[in-house]
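Colleague: Just model33.txt, nothing more (compact mmCIF, C-alpha atoms and all ligand atoms):
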```txt
# COMPACT_ATOMS: atom_id res chain seq x y z
CA MET A 1 262.22 30.31 78.04
CA GLY A 2 260.93 31.21 81.48
CA ILE A 3 257.38 30.34 82.26
CA ASP A 4 257.04 31.89 85.68
CA ASN A 5 255.73 35.18 84.41
CA HIS A 6 252.10 34.07 84.60
CA SER A 7 251.57 36.40 87.45
CA LYS A 8 248.22 37.60 86.17
CA SER A 9 245.29 35.20 86.33
CA PHE A 10 243.12 34.52 83.37
CA ALA A 11 239.88 36.44 82.97
CA ALA A 12 237.85 37.57 79.97
CA VAL A 13 238.18 41.05 81.49
CA SER A 14 240.95 41.47 84.05
CA ALA A 15 240.61 43.21 87.40
CA ASP A 16 242.15 46.34 85.90
CA GLY A 17 239.51 46.36 83.15
CA LYS A 18 241.63 44.96 80.32
CA ARG A 19 239.94 42.65 77.86
CA ASN A 20 241.67 39.34 77.32
CA LEU A 21 242.18 38.68 73.63
CA ILE A 22 242.56 34.94 74.17
CA GLY A 23 239.25 33.30 73.39
CA LEU A 24 238.01 35.93 70.93
CA ASP A 25 237.41 34.55 67.46
CA PHE A 26 239.07 36.32 64.56
CA ILE A 27 236.06 38.54 63.81
CA GLU A 28 235.76 39.62 67.44
CA LEU A 29 239.47 40.27 67.64
CA THR A 30 239.32 42.41 64.51
CA GLU A 31 236.38 44.36 65.92
CA ALA A 32 238.12 44.90 69.25
CA LEU A 33 241.28 46.18 67.59
CA THR A 34 239.68 48.35 64.90
CA ALA A 35 237.50 49.94 67.58
CA ARG A 36 240.81 51.17 69.06
CA GLY A 37 241.89 52.63 65.73
CA LEU A 38 244.03 49.81 64.34
CA GLU A 39 243.91 48.93 60.65
CA LYS A 40 242.18 45.65 59.85
CA PHE A 41 245.31 43.87 58.68
CA ARG A 42 246.89 44.42 62.09
CA ALA A 43 244.37 41.93 63.49
CA SER A 44 246.00 39.14 61.43
CA GLN A 45 249.37 40.13 62.80
CA VAL A 46 248.17 40.14 66.39
CA TRP A 47 246.35 36.83 65.81
CA SER A 48 249.56 35.16 64.60
CA TRP A 49 251.58 36.60 67.44
CA ILE A 50 249.09 35.09 69.86
CA TYR A 51 248.29 31.75 68.24
CA ILE A 52 251.30 30.90 66.07
CA ARG A 53 254.15 32.45 67.98
CA GLY A 54 252.62 32.22 71.43
CA ALA A 55 253.50 35.77 72.49
CA ARG A 56 252.85 36.35 76.16
CA ASP A 57 253.43 40.05 76.19
CA PHE A 58 252.49 42.79 73.71
CA LYS A 59 256.09 44.01 73.98
CA ASP A 60 257.18 40.91 72.05
CA MET A 61 255.02 41.77 69.04
CA THR A 62 257.90 43.37 67.21
CA SER A 63 256.16 43.80 63.87
CA LEU A 64 253.97 46.44 65.53
CA ALA A 65 255.11 49.98 66.21
CA LYS A 66 255.89 50.82 69.82
CA PRO A 67 252.88 53.15 70.29
CA THR A 68 250.60 50.38 68.99
CA ARG A 69 252.08 47.90 71.44
CA ASP A 70 251.64 50.41 74.26
CA MET A 71 248.03 51.01 73.26
CA LEU A 72 247.36 47.25 73.22
CA ASP A 73 248.88 46.94 76.64
CA GLU A 74 246.68 49.74 77.93
CA TYR A 75 243.38 48.17 76.88
CA PHE A 76 244.02 44.48 76.43
CA THR A 77 245.78 41.52 77.94
CA ILE A 78 246.96 38.09 76.77
CA ALA A 79 247.59 36.76 80.26
CA ARG A 80 247.36 33.02 80.86
CA PRO A 81 245.87 31.46 83.98
CA THR A 82 248.12 31.29 87.03
CA VAL A 83 249.80 27.93 87.52
CA THR A 84 249.34 27.09 91.17
CA GLN A 85 250.82 23.63 90.91
CA HIS A 86 252.84 21.84 88.24
CA GLN A 87 253.66 18.19 88.67
CA LYS A 88 255.50 15.70 86.51
CA SER A 89 254.86 11.99 86.84
CA GLU A 90 257.58 9.39 86.64
CA ASP A 91 256.02 8.30 83.31
CA GLY A 92 256.39 11.81 81.82
CA THR A 93 252.76 12.85 82.30
CA GLN A 94 252.46 16.46 83.45
CA LYS A 95 249.62 18.06 85.33
CA TRP A 96 248.94 21.76 85.76
CA LEU A 97 246.57 23.18 88.30
CA LEU A 98 245.38 26.49 86.89
CA ARG A 99 243.75 29.33 88.76
CA MET A 100 241.33 31.65 87.03
CA GLN A 101 240.67 35.22 88.06
CA ASP A 102 237.74 34.28 90.32
CA GLY A 103 239.97 31.90 92.23
CA GLN A 104 238.42 28.77 90.71
CA GLU A 105 240.83 26.08 89.65
CA VAL A 106 240.94 23.47 86.92
CA GLU A 107 243.46 20.89 85.80
CA SER A 108 245.01 20.02 82.45
CA VAL A 109 247.13 16.94 81.88
CA HIS A 110 249.68 16.27 79.15
CA ILE A 111 250.23 12.64 78.23
CA PRO A 112 253.29 12.11 76.04
CA GLU A 113 253.56 9.13 73.68
CA GLU A 114 256.54 8.13 71.61
CA ASP A 115 255.67 10.12 68.50
CA ARG A 116 252.90 12.42 69.70
CA GLY A 117 251.14 13.66 72.79
CA ALA A 118 247.67 14.52 73.97
CA LEU A 119 246.50 17.27 76.23
CA CYS A 120 243.54 16.40 78.41
CA VAL A 121 241.57 19.63 78.66
CA SER A 122 238.90 20.63 81.22
CA SER A 123 235.60 22.16 80.17
CA GLN A 124 234.13 23.07 83.56
CA VAL A 125 235.21 23.74 87.11
CA GLY A 126 233.95 20.52 88.70
CA CYS A 127 230.99 18.75 87.12
CA THR A 128 227.27 18.84 87.82
CA LEU A 129 227.03 15.15 87.08
CA THR A 130 227.82 12.72 89.82
CA CYS A 131 229.18 9.56 88.24
CA ARG A 132 229.93 7.35 91.20
CA PHE A 133 233.46 6.41 90.17
CA CYS A 134 234.63 9.93 89.30
CA HIS A 135 236.53 12.23 91.62
CA THR A 136 235.55 15.37 89.70
CA GLY A 137 231.90 14.51 90.33
CA THR A 138 232.41 14.95 94.08
CA GLN A 139 233.36 18.59 93.70
CA ARG A 140 230.96 21.07 95.15
CA LEU A 141 231.64 24.13 93.06
CA VAL A 142 230.74 24.08 89.42
CA ARG A 143 230.88 26.65 86.70
CA ASN A 144 231.37 26.60 82.97
CA LEU A 145 234.75 27.63 81.64
CA GLU A 146 234.85 30.54 79.22
CA PRO A 147 236.15 29.90 75.69
CA GLY A 148 239.38 31.71 76.57
CA GLU A 149 239.85 29.61 79.69
CA ILE A 150 239.67 26.50 77.52
CA VAL A 151 241.99 27.80 74.79
CA ALA A 152 244.42 29.08 77.43
CA GLN A 153 244.93 25.54 78.77
CA ILE A 154 246.32 24.52 75.39
CA MET A 155 248.41 27.67 75.11
CA LEU A 156 249.86 27.14 78.53
CA ALA A 157 250.83 23.56 77.70
CA ARG A 158 252.54 24.85 74.55
CA ASP A 159 254.43 27.38 76.68
CA TYR A 160 255.70 24.65 78.95
CA LEU A 161 256.43 22.21 76.14
CA ASN A 162 258.24 24.95 74.27
CA GLU A 163 256.29 24.34 71.10
CA TRP A 164 255.49 27.77 69.75
CA ALA A 165 256.78 28.72 66.35
CA ALA A 166 258.66 31.69 67.76
CA VAL A 167 260.63 29.66 70.21
CA SER A 168 263.51 29.05 67.83
CA PRO A 169 264.08 28.55 64.11
CA GLU A 170 263.72 24.85 64.85
CA GLY A 171 260.48 25.65 66.60
CA VAL A 172 259.09 27.13 63.40
CA ALA A 173 259.97 23.99 61.49
CA LYS A 174 258.61 21.84 64.27
CA THR A 175 255.27 23.56 64.19
CA ARG A 176 255.03 23.90 60.47
CA GLY A 177 256.35 20.42 59.58
CA THR A 178 259.88 19.62 58.47
CA LYS A 179 261.25 18.83 55.06
CA PRO A 180 263.46 15.72 54.83
CA GLY A 181 267.14 16.39 54.86
CA ARG A 182 266.92 19.71 56.66
CA LYS A 183 268.89 20.37 59.76
CA THR A 184 265.65 20.80 61.66
CA ASP A 185 264.87 17.09 61.22
CA VAL A 186 266.52 16.55 64.54
CA MET A 187 263.36 17.75 66.29
CA PRO A 188 260.47 16.47 64.22
CA VAL A 189 258.45 15.05 67.06
CA ARG A 190 255.81 17.30 68.47
CA LEU A 191 254.68 16.85 72.02
CA LEU A 192 251.23 18.34 71.72
CA THR A 193 249.50 16.88 68.70
CA ASN A 194 246.11 15.86 70.05
CA ILE A 195 243.43 17.23 72.32
CA VAL A 196 241.05 15.19 74.38
CA MET A 197 238.16 16.95 76.07
CA MET A 198 238.36 14.49 78.95
CA GLY A 199 239.45 16.66 81.83
CA MET A 200 237.13 18.06 84.44
CA GLY A 201 233.52 18.62 83.47
CA GLU A 202 230.98 17.54 80.91
CA PRO A 203 231.85 19.33 77.66
CA LEU A 204 228.37 18.97 76.19
CA TYR A 205 226.90 20.84 79.18
CA ASN A 206 229.09 23.75 78.17
CA TYR A 207 228.73 23.26 74.46
CA GLU A 208 228.78 26.86 73.19
CA ASN A 209 232.00 27.73 74.97
CA VAL A 210 233.68 24.44 74.11
CA ALA A 211 232.67 24.83 70.45
CA LYS A 212 234.02 28.37 70.27
CA ALA A 213 237.28 27.32 71.90
CA LEU A 214 237.74 24.33 69.61
CA ARG A 215 237.09 26.44 66.53
CA ILE A 216 239.90 28.75 67.60
CA VAL A 217 242.18 25.80 68.28
CA MET A 218 241.40 24.19 64.91
CA GLN A 219 242.02 27.32 62.86
CA ASP A 220 244.77 26.62 60.33
CA ASP A 221 246.60 29.91 60.71
CA GLY A 222 246.93 29.46 64.44
CA ILE A 223 247.19 26.58 66.88
CA ALA A 224 246.04 24.36 63.99
CA ILE A 225 245.10 21.16 65.77
CA GLY A 226 242.58 19.63 63.35
CA LYS A 227 239.24 17.97 64.02
CA ARG A 228 240.69 14.49 63.46
CA ARG A 229 243.10 15.08 66.31
CA ILE A 230 240.44 16.26 68.74
CA THR A 231 238.26 13.90 70.76
CA LEU A 232 235.34 15.04 72.85
CA SER A 233 234.21 12.71 75.62
CA THR A 234 230.66 12.80 76.92
CA SER A 235 228.79 10.89 79.56
CA GLY A 236 225.83 10.92 77.17
CA VAL A 237 224.14 14.30 76.69
CA VAL A 238 222.07 12.91 73.85
CA PRO A 239 220.50 16.11 72.43
CA MET A 240 223.91 17.73 71.98
CA ILE A 241 225.71 14.81 70.36
CA LYS A 242 224.28 15.40 66.90
CA ARG A 243 225.09 19.09 66.99
CA CYS A 244 228.63 18.38 68.06
CA GLY A 245 229.07 16.00 65.13
CA GLU A 246 227.53 18.36 62.60
CA GLU A 247 229.19 21.55 63.70
CA LEU A 248 232.58 20.50 65.01
CA GLU A 249 233.09 17.11 63.34
CA VAL A 250 235.46 16.06 66.09
CA ASN A 251 235.94 12.46 67.22
CA LEU A 252 233.45 11.28 69.78
CA ALA A 253 234.11 9.26 72.91
CA VAL A 254 231.20 8.02 74.99
CA SER A 255 231.50 7.06 78.64
CA LEU A 256 229.32 3.98 78.61
CA HIS A 257 230.57 1.99 81.62
CA ALA A 258 227.50 -0.25 81.95
CA VAL A 259 225.38 -2.40 79.64
CA THR A 260 222.07 -2.27 81.50
CA ASP A 261 220.02 0.79 82.34
CA GLU A 262 219.63 -0.57 85.84
CA LEU A 263 223.35 -0.35 86.54
CA ARG A 264 224.04 2.72 84.41
CA ASP A 265 221.28 4.62 86.24
CA GLN A 266 223.29 4.02 89.39
CA ILE A 267 226.83 4.73 88.28
CA VAL A 268 226.20 7.35 85.57
CA PRO A 269 223.08 9.10 86.91
CA LEU A 270 222.59 11.02 83.63
CA ASN A 271 221.39 7.70 82.23
CA ARG A 272 218.07 8.25 84.01
CA LYS A 273 217.49 11.08 81.62
CA TYR A 274 219.07 9.65 78.48
CA PRO A 275 219.01 5.86 78.66
CA ILE A 276 221.34 3.50 76.82
CA LYS A 277 219.06 2.95 73.84
CA GLU A 278 218.75 6.68 73.10
CA LEU A 279 222.45 7.17 73.63
CA LEU A 280 223.41 4.42 71.22
CA GLN A 281 220.98 5.70 68.62
CA ALA A 282 222.68 9.10 68.83
CA CYS A 283 225.97 7.29 68.26
CA ARG A 284 224.59 5.42 65.24
CA ASP A 285 223.54 8.80 63.85
CA TYR A 286 226.76 10.64 64.75
CA PRO A 287 227.58 12.61 61.61
CA ALA A 288 231.35 12.54 62.01
CA ALA A 289 231.68 8.78 62.59
CA SER A 290 232.82 6.29 59.98
CA ASN A 291 234.87 3.12 59.82
CA SER A 292 238.00 5.19 59.67
CA ARG A 293 236.80 7.47 62.46
CA ARG A 294 235.20 5.19 64.96
CA ILE A 295 233.45 6.21 68.15
CA THR A 296 235.36 5.30 71.29
CA PHE A 297 233.32 3.67 74.02
CA GLU A 298 234.95 4.14 77.38
CA TYR A 299 234.35 1.42 79.91
CA VAL A 300 235.80 1.76 83.39
CA MET A 301 236.53 -1.63 84.94
CA LEU A 302 234.90 -1.81 88.37
CA LYS A 303 235.52 -4.96 90.36
CA GLY A 304 232.43 -7.12 90.68
CA VAL A 305 230.21 -4.35 89.30
CA ASN A 306 230.41 -4.30 85.48
CA ASP A 307 233.28 -6.64 84.64
CA SER A 308 231.78 -10.11 84.05
CA PRO A 309 231.96 -12.08 80.78
CA VAL A 310 228.17 -11.63 80.51
CA ASP A 311 228.70 -7.85 80.58
CA ALA A 312 231.35 -8.16 77.87
CA LYS A 313 229.06 -10.17 75.60
CA GLU A 314 226.21 -7.74 76.12
CA LEU A 315 228.53 -4.84 75.32
CA VAL A 316 229.43 -6.44 72.01
CA ARG A 317 225.77 -7.06 71.23
CA LEU A 318 224.78 -3.48 72.06
CA LEU A 319 227.45 -1.95 69.84
CA ARG A 320 226.64 -4.02 66.78
CA GLY A 321 226.37 -1.78 63.72
CA ILE A 322 228.19 1.18 65.27
CA PRO A 323 231.71 1.99 64.01
CA ALA A 324 233.22 1.55 67.44
CA LYS A 325 236.35 0.90 69.42
CA ILE A 326 236.21 0.04 73.07
CA ASN A 327 238.55 1.54 75.58
CA LEU A 328 238.79 -0.45 78.79
CA ILE A 329 239.92 1.85 81.56
CA PRO A 330 241.26 0.32 84.76
CA PHE A 331 239.47 2.17 87.54
CA ASN A 332 241.72 4.80 89.07
CA ALA A 333 241.21 5.04 92.77
CA TRP A 334 240.89 8.29 94.70
CA PRO A 335 240.52 8.88 98.43
CA GLY A 336 237.15 7.58 99.59
CA ALA A 337 236.18 6.01 96.25
CA PRO A 338 233.44 3.41 96.65
CA PHE A 339 234.92 0.98 94.07
CA GLU A 340 237.95 -1.13 93.41
CA CYS A 341 239.65 -1.78 90.10
CA SER A 342 238.92 -5.15 88.50
CA ASP A 343 241.69 -7.75 88.72
CA TRP A 344 244.07 -7.85 85.80
CA GLY A 345 242.92 -11.34 84.78
CA THR A 346 239.29 -10.18 84.71
CA ILE A 347 240.16 -7.20 82.54
CA GLN A 348 242.05 -9.46 80.15
CA LYS A 349 239.17 -11.92 79.91
CA PHE A 350 236.77 -9.05 79.25
CA GLY A 351 239.12 -7.67 76.60
CA ASP A 352 239.43 -11.07 74.92
CA ILE A 353 235.67 -11.37 74.48
CA VAL A 354 235.51 -7.90 72.99
CA ASN A 355 238.50 -8.59 70.72
CA GLU A 356 237.08 -11.87 69.50
CA ALA A 357 233.98 -9.98 68.43
CA GLY A 358 236.20 -7.89 66.17
CA TYR A 359 236.56 -4.73 68.23
CA ALA A 360 239.86 -3.19 69.04
CA SER A 361 239.80 -2.92 72.80
CA PRO A 362 242.99 -1.43 74.10
CA VAL A 363 243.24 -1.35 77.84
CA ARG A 364 244.15 2.20 78.62
CA THR A 365 247.40 2.19 80.52
CA PRO A 366 246.86 4.39 83.51
CA ARG A 367 249.12 7.42 83.15
CA GLY A 368 250.13 9.83 85.84
CA ARG A 369 248.51 7.91 88.70
CA ASP A 370 251.32 8.96 91.04
CA ILE A 371 250.34 12.62 90.64
CA MET A 372 246.57 11.95 90.63
CA ALA A 373 246.42 12.92 86.96
CA ALA A 374 244.81 9.74 85.63
CA CYS A 375 241.24 9.60 84.29
CA GLY A 376 238.72 10.44 86.93
CA GLN A 377 241.27 11.53 89.52
CA LEU A 378 241.13 15.22 88.70
CA LYS A 379 239.67 17.41 91.33
CA SER A 380 240.71 20.90 92.22
CA ALA A 381 240.46 22.03 95.78
CA SER A 382 236.89 22.66 96.68
CA LEU A 383 234.69 20.98 99.20
CA LYS A 384 233.56 17.43 98.80
CA LEU A 385 229.84 16.85 98.40
CA SER A 386 228.08 15.14 101.26
CA ALA A 387 226.02 12.04 100.54
CA THR A 388 222.83 14.09 101.00
CA GLU A 389 224.01 16.72 98.52
CA ARG A 390 224.88 14.06 95.97
CA ALA A 391 221.42 12.51 96.37
CA ALA A 392 219.82 15.95 95.96
CA ILE A 393 221.79 16.61 92.78
CA ASP A 394 220.88 13.21 91.38
CA LYS A 395 217.26 14.04 92.01
CA ILE A 396 217.59 17.37 90.22
CA ILE A 397 219.25 15.67 87.26
CA SER A 398 216.47 13.16 86.85
CA GLU A 399 213.74 15.73 87.33
CA LYS A 400 215.09 18.63 85.32
CA ASP A 401 213.49 18.80 81.96
CA LYS A 402 215.75 18.27 78.98
CA ALA A 403 216.04 21.88 77.93
CA GLN A 404 217.04 23.03 81.38
CA GLY A 405 219.54 20.23 81.70
CA LEU A 406 221.69 21.68 78.97
CA THR A 407 223.30 24.27 81.15
CA ALA A 408 225.54 23.40 84.00
CA THR A 409 225.77 26.63 85.90
CA GLY A 410 223.58 27.31 88.87
CA LEU A 411 223.85 24.06 90.77
N1 LIG B 501 232.56 14.27 81.47
C1 LIG B 501 233.10 13.60 80.37
C2 LIG B 501 234.60 13.82 80.18
C3 LIG B 501 235.46 13.82 81.40
S1 LIG B 501 235.65 12.30 82.25
C4 LIG B 501 232.78 12.12 80.43
O1 LIG B 501 232.32 11.67 81.46
O2 LIG B 501 232.97 11.45 79.42
C5 LIG B 501 236.85 11.44 81.24
C6 LIG B 501 236.77 9.91 81.32
O3 LIG B 501 237.29 9.42 82.56
C7 LIG B 501 235.35 9.38 81.23
O4 LIG B 501 235.27 8.26 80.39
C8 LIG B 501 235.09 8.98 82.64
O5 LIG B 501 234.05 8.07 82.74
C9 LIG B 501 236.43 8.42 83.06
N2 LIG B 501 236.58 8.29 84.49
C10 LIG B 501 236.00 9.02 85.46
N3 LIG B 501 236.41 8.60 86.68
C11 LIG B 501 237.27 7.58 86.48
C12 LIG B 501 238.07 6.77 87.36
N4 LIG B 501 238.05 6.96 88.67
N5 LIG B 501 238.86 5.83 86.83
C13 LIG B 501 238.93 5.70 85.47
N6 LIG B 501 238.22 6.44 84.60
C14 LIG B 501 237.41 7.38 85.09
FE1 LIG B 502 231.34 14.51 85.17
FE2 LIG B 502 232.53 12.90 83.37
FE3 LIG B 502 233.14 12.75 85.98
FE4 LIG B 502 230.76 11.90 85.13
S1 LIG B 502 232.77 11.04 84.58
S2 LIG B 502 231.15 13.17 86.95
S3 LIG B 502 230.32 13.38 83.53
S4 LIG B 502 233.51 14.50 84.64
```
Would you mind writing the structure in this file as structure tokens?

Modeller:
Amino acid sequence: MGIDNHSKSFAAVSADGKRNLIGLDFIELTEALTARGLEKFRASQVWSWIYIRGARDFKDMTSLAKPTRDMLDEYFTIARPTVTQHQKSEDGTQKWLLRMQDGQEVESVHIPEEDRGALCVSSQVGCTLTCRFCHTGTQRLVRNLEPGEIVAQIMLARDYLNEWAAVSPEGVAKTRGTKPGRKTDVMPVRLLTNIVMMGMGEPLYNYENVAKALRIVMQDDGIAIGKRRITLSTSGVVPMIKRCGEELEVNLAVSLHAVTDELRDQIVPLNRKYPIKELLQACRDYPAASNSRRITFEYVMLKGVNDSPVDAKELVRLLRGIPAKINLIPFNAWPGAPFECSDWGTIQKFGDIVNEAGYASPVRTPRGRDIMAACGQLKSASLKLSATERAAIDKIISEKDKAQGLTATGL
């Protein structure tokens, strides 16, 4: 199936005034279609064409009469974002640079494993936070992504991975699960099984849009990636953590990276607003966590900064009582980064201390480093912040009151 027909960029309303149906929830979709004279049940059909079969053109919706398809095409669109760059790493990781209608760009990364695969999805263009080790945090332009722009990243990956139900009879079985002994058993492995909100941006600074997008993605009669297969990573927006757990019940990952407020204030400036103690309390209270669904604590290994045995022991002490796993991430370098990755021996020693304390602590194998697709390397083309601008933003973050801090636009 050809994928080069993404000539139109993604926008909630396109330049020619058409409303994009991607990103509308089912009720909104029904309203939009019935307002144009369609019967209610047609909305279910259109929904499945979009989210089960992955239709990219109204013409393909063959269960609808031609005049209906023409009408849809006149008022609506289901265009994906434009792919401005598509790279494949030697380890199979793929990265897409996607352009939205306003010219802003974001990245999504697919990381295949033997029997599954995760898509790393962006929630914002850039990020208002300025974690010192993160490339995205050096980006000047920031805006929240719309729900449709988030959902479209997953749809686009499915296009490329050829995983829509309509692709082939095998595709239907692949998406819907295979029965043993059937011919379709030859292709049981799905490439996109999990979603990690770990791309560009802070998802809890764009909570409403992320929540709406994830609800669409989770819906059973659609993309159907369930809450247990979705992980949202936050640098620690404490007031939103509870809501995320209550409303979405997705897995939580927390970017901890330091065990003292003194250091965390420096490398994750949001800590000045929500210090470690408050953050860990929010984790203790996280409604969707349990022993079978532990919270992941991400810890980037920075040489000589946060990687000593004393740090490891303190990490273990801090996490006592929280159903946790610890993910040690070798620092991924980017041009001009002010850190180096810890030595392998140091990472191992750190991991041993954490393991001995009873925590699983996989060291995350860097994936896609050769195409700058690894954690923290994502950055679409926009100007780099100057040191003065970074300092100014840090100041705003620490001064902004909590309510204001919950929106990311405007910086
Ligand atoms: N804003 C969210 C999610 C996106 S960042 C957050 O901070 O959690 C995804 C993960 O990559 C975070 O754990 C982040 O701390 C980590 N990360 C950022 N820069 C990195 C780098 N250069 N090397 C390794 N991990 C990095
Ligand atoms: Fe933003 Fe996360 Fe990068 Fe920090 S690590 S700057 S919160 S994307």

Colleague: Might you pull out every residue within 7 Å of A:Lys242, with only C-alpha atoms counted and same-chain residues fewer than 3 positions away left off, and present them as a VMD selection string?

Modeller: chain A and resid 239 245 to 246 282 286 to 287

Colleague: Could you check the closest approach to A:Cys127 for each of A:Asp311, A:Glu262, A:Glu202, A:Glu105 and tell me which residue wins, using all atoms listed in the file?

Modeller: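 For A:Cys127, the nearest of the candidates is A:Glu202.
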
Colleague: Taking all atoms listed in the file into account, name the residue in A:Gly148, A:Pro269, A:Pro362, A:Gly17 that is nearest to A:Arg80.

Modeller: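 That would be A:Gly148, the residue with the smallest distance to A:Arg80.
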
Colleague: For A:Arg56, work out the shell of residues within 8 Å, counting only C-alpha atoms and skipping chain neighbours fewer than 6 positions away, then give it as an MDAnalysis selection string.

Modeller: chainID A and resid 50 78:80

Colleague: Find, counting all atoms listed in the file, the residue in A:Asn291, A:Thr30, A:Asn206, A:Gln348 that gets nearest to ligand LIG 501 (chain B).

Modeller: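 With all atoms listed in the file as the atom set, the closest residue is A:Asn206.
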
Colleague: Please return as a ChimeraX atom specification the residues found within 9 Å of ligand LIG 502 (chain B), counting all atoms listed in the file.

Modeller: /A:122,124,126-139,198-203,233-236,255,267-270,375-378

Colleague: By how many Å are atom CA of A:Ala373 and atom CA of A:Phe331 apart?

Modeller: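 According to the coordinates, atom CA of A:Ala373 and atom CA of A:Phe331 are separated by 12.8 Å.
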
Colleague: Which residues are near A:Val13? Cut-off 10 Å, only C-alpha atoms, ignore same chain within fewer than 6 positions. Put them as a ChimeraX atom specification.

Modeller: /A:19-21,75-77,101

Colleague: Between atom CA of A:Cys244 and atom CA of A:Asp285, what is the spacing in Å?

Modeller: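 Computing the Euclidean distance for atom CA of A:Asp285 and atom CA of A:Cys244 yields 11.6 Å.
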
Colleague: Tell me which of A:Ala258, A:Val237, A:Ala374, A:Val217 sits closest to A:Glu278, counting only C-alpha atoms.

Modeller: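 Looking only at the distances to A:Glu278, the closest residue turns out to be A:Val237.
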
Colleague: In terms of the shortest atom-to-atom distance over all atoms listed in the file, which of A:Val109, A:Ala55, A:Met71, A:Ala152 is closest to A:Ile22?

Modeller: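 Comparing A:Val109, A:Ala55, A:Met71, A:Ala152 against A:Ile22, the winner is A:Ala152.
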
Colleague: How many Å separate atom CA of A:Cys120 from atom CA of A:Ile195?

Modeller: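 Computed distance, atom CA of A:Cys120 to atom CA of A:Ile195, equals 6.1 Å.
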
Colleague: Rank A:Val121, A:Leu192, A:Ile353, A:Leu141 by their smallest atom-to-atom distance to ligand LIG 501 (chain B), using all atoms listed in the file, and report the top residue only.

Modeller: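 Going through A:Val121, A:Leu192, A:Ile353, A:Leu141 one by one, the smallest distance to ligand LIG 501 (chain B) is for A:Val121.
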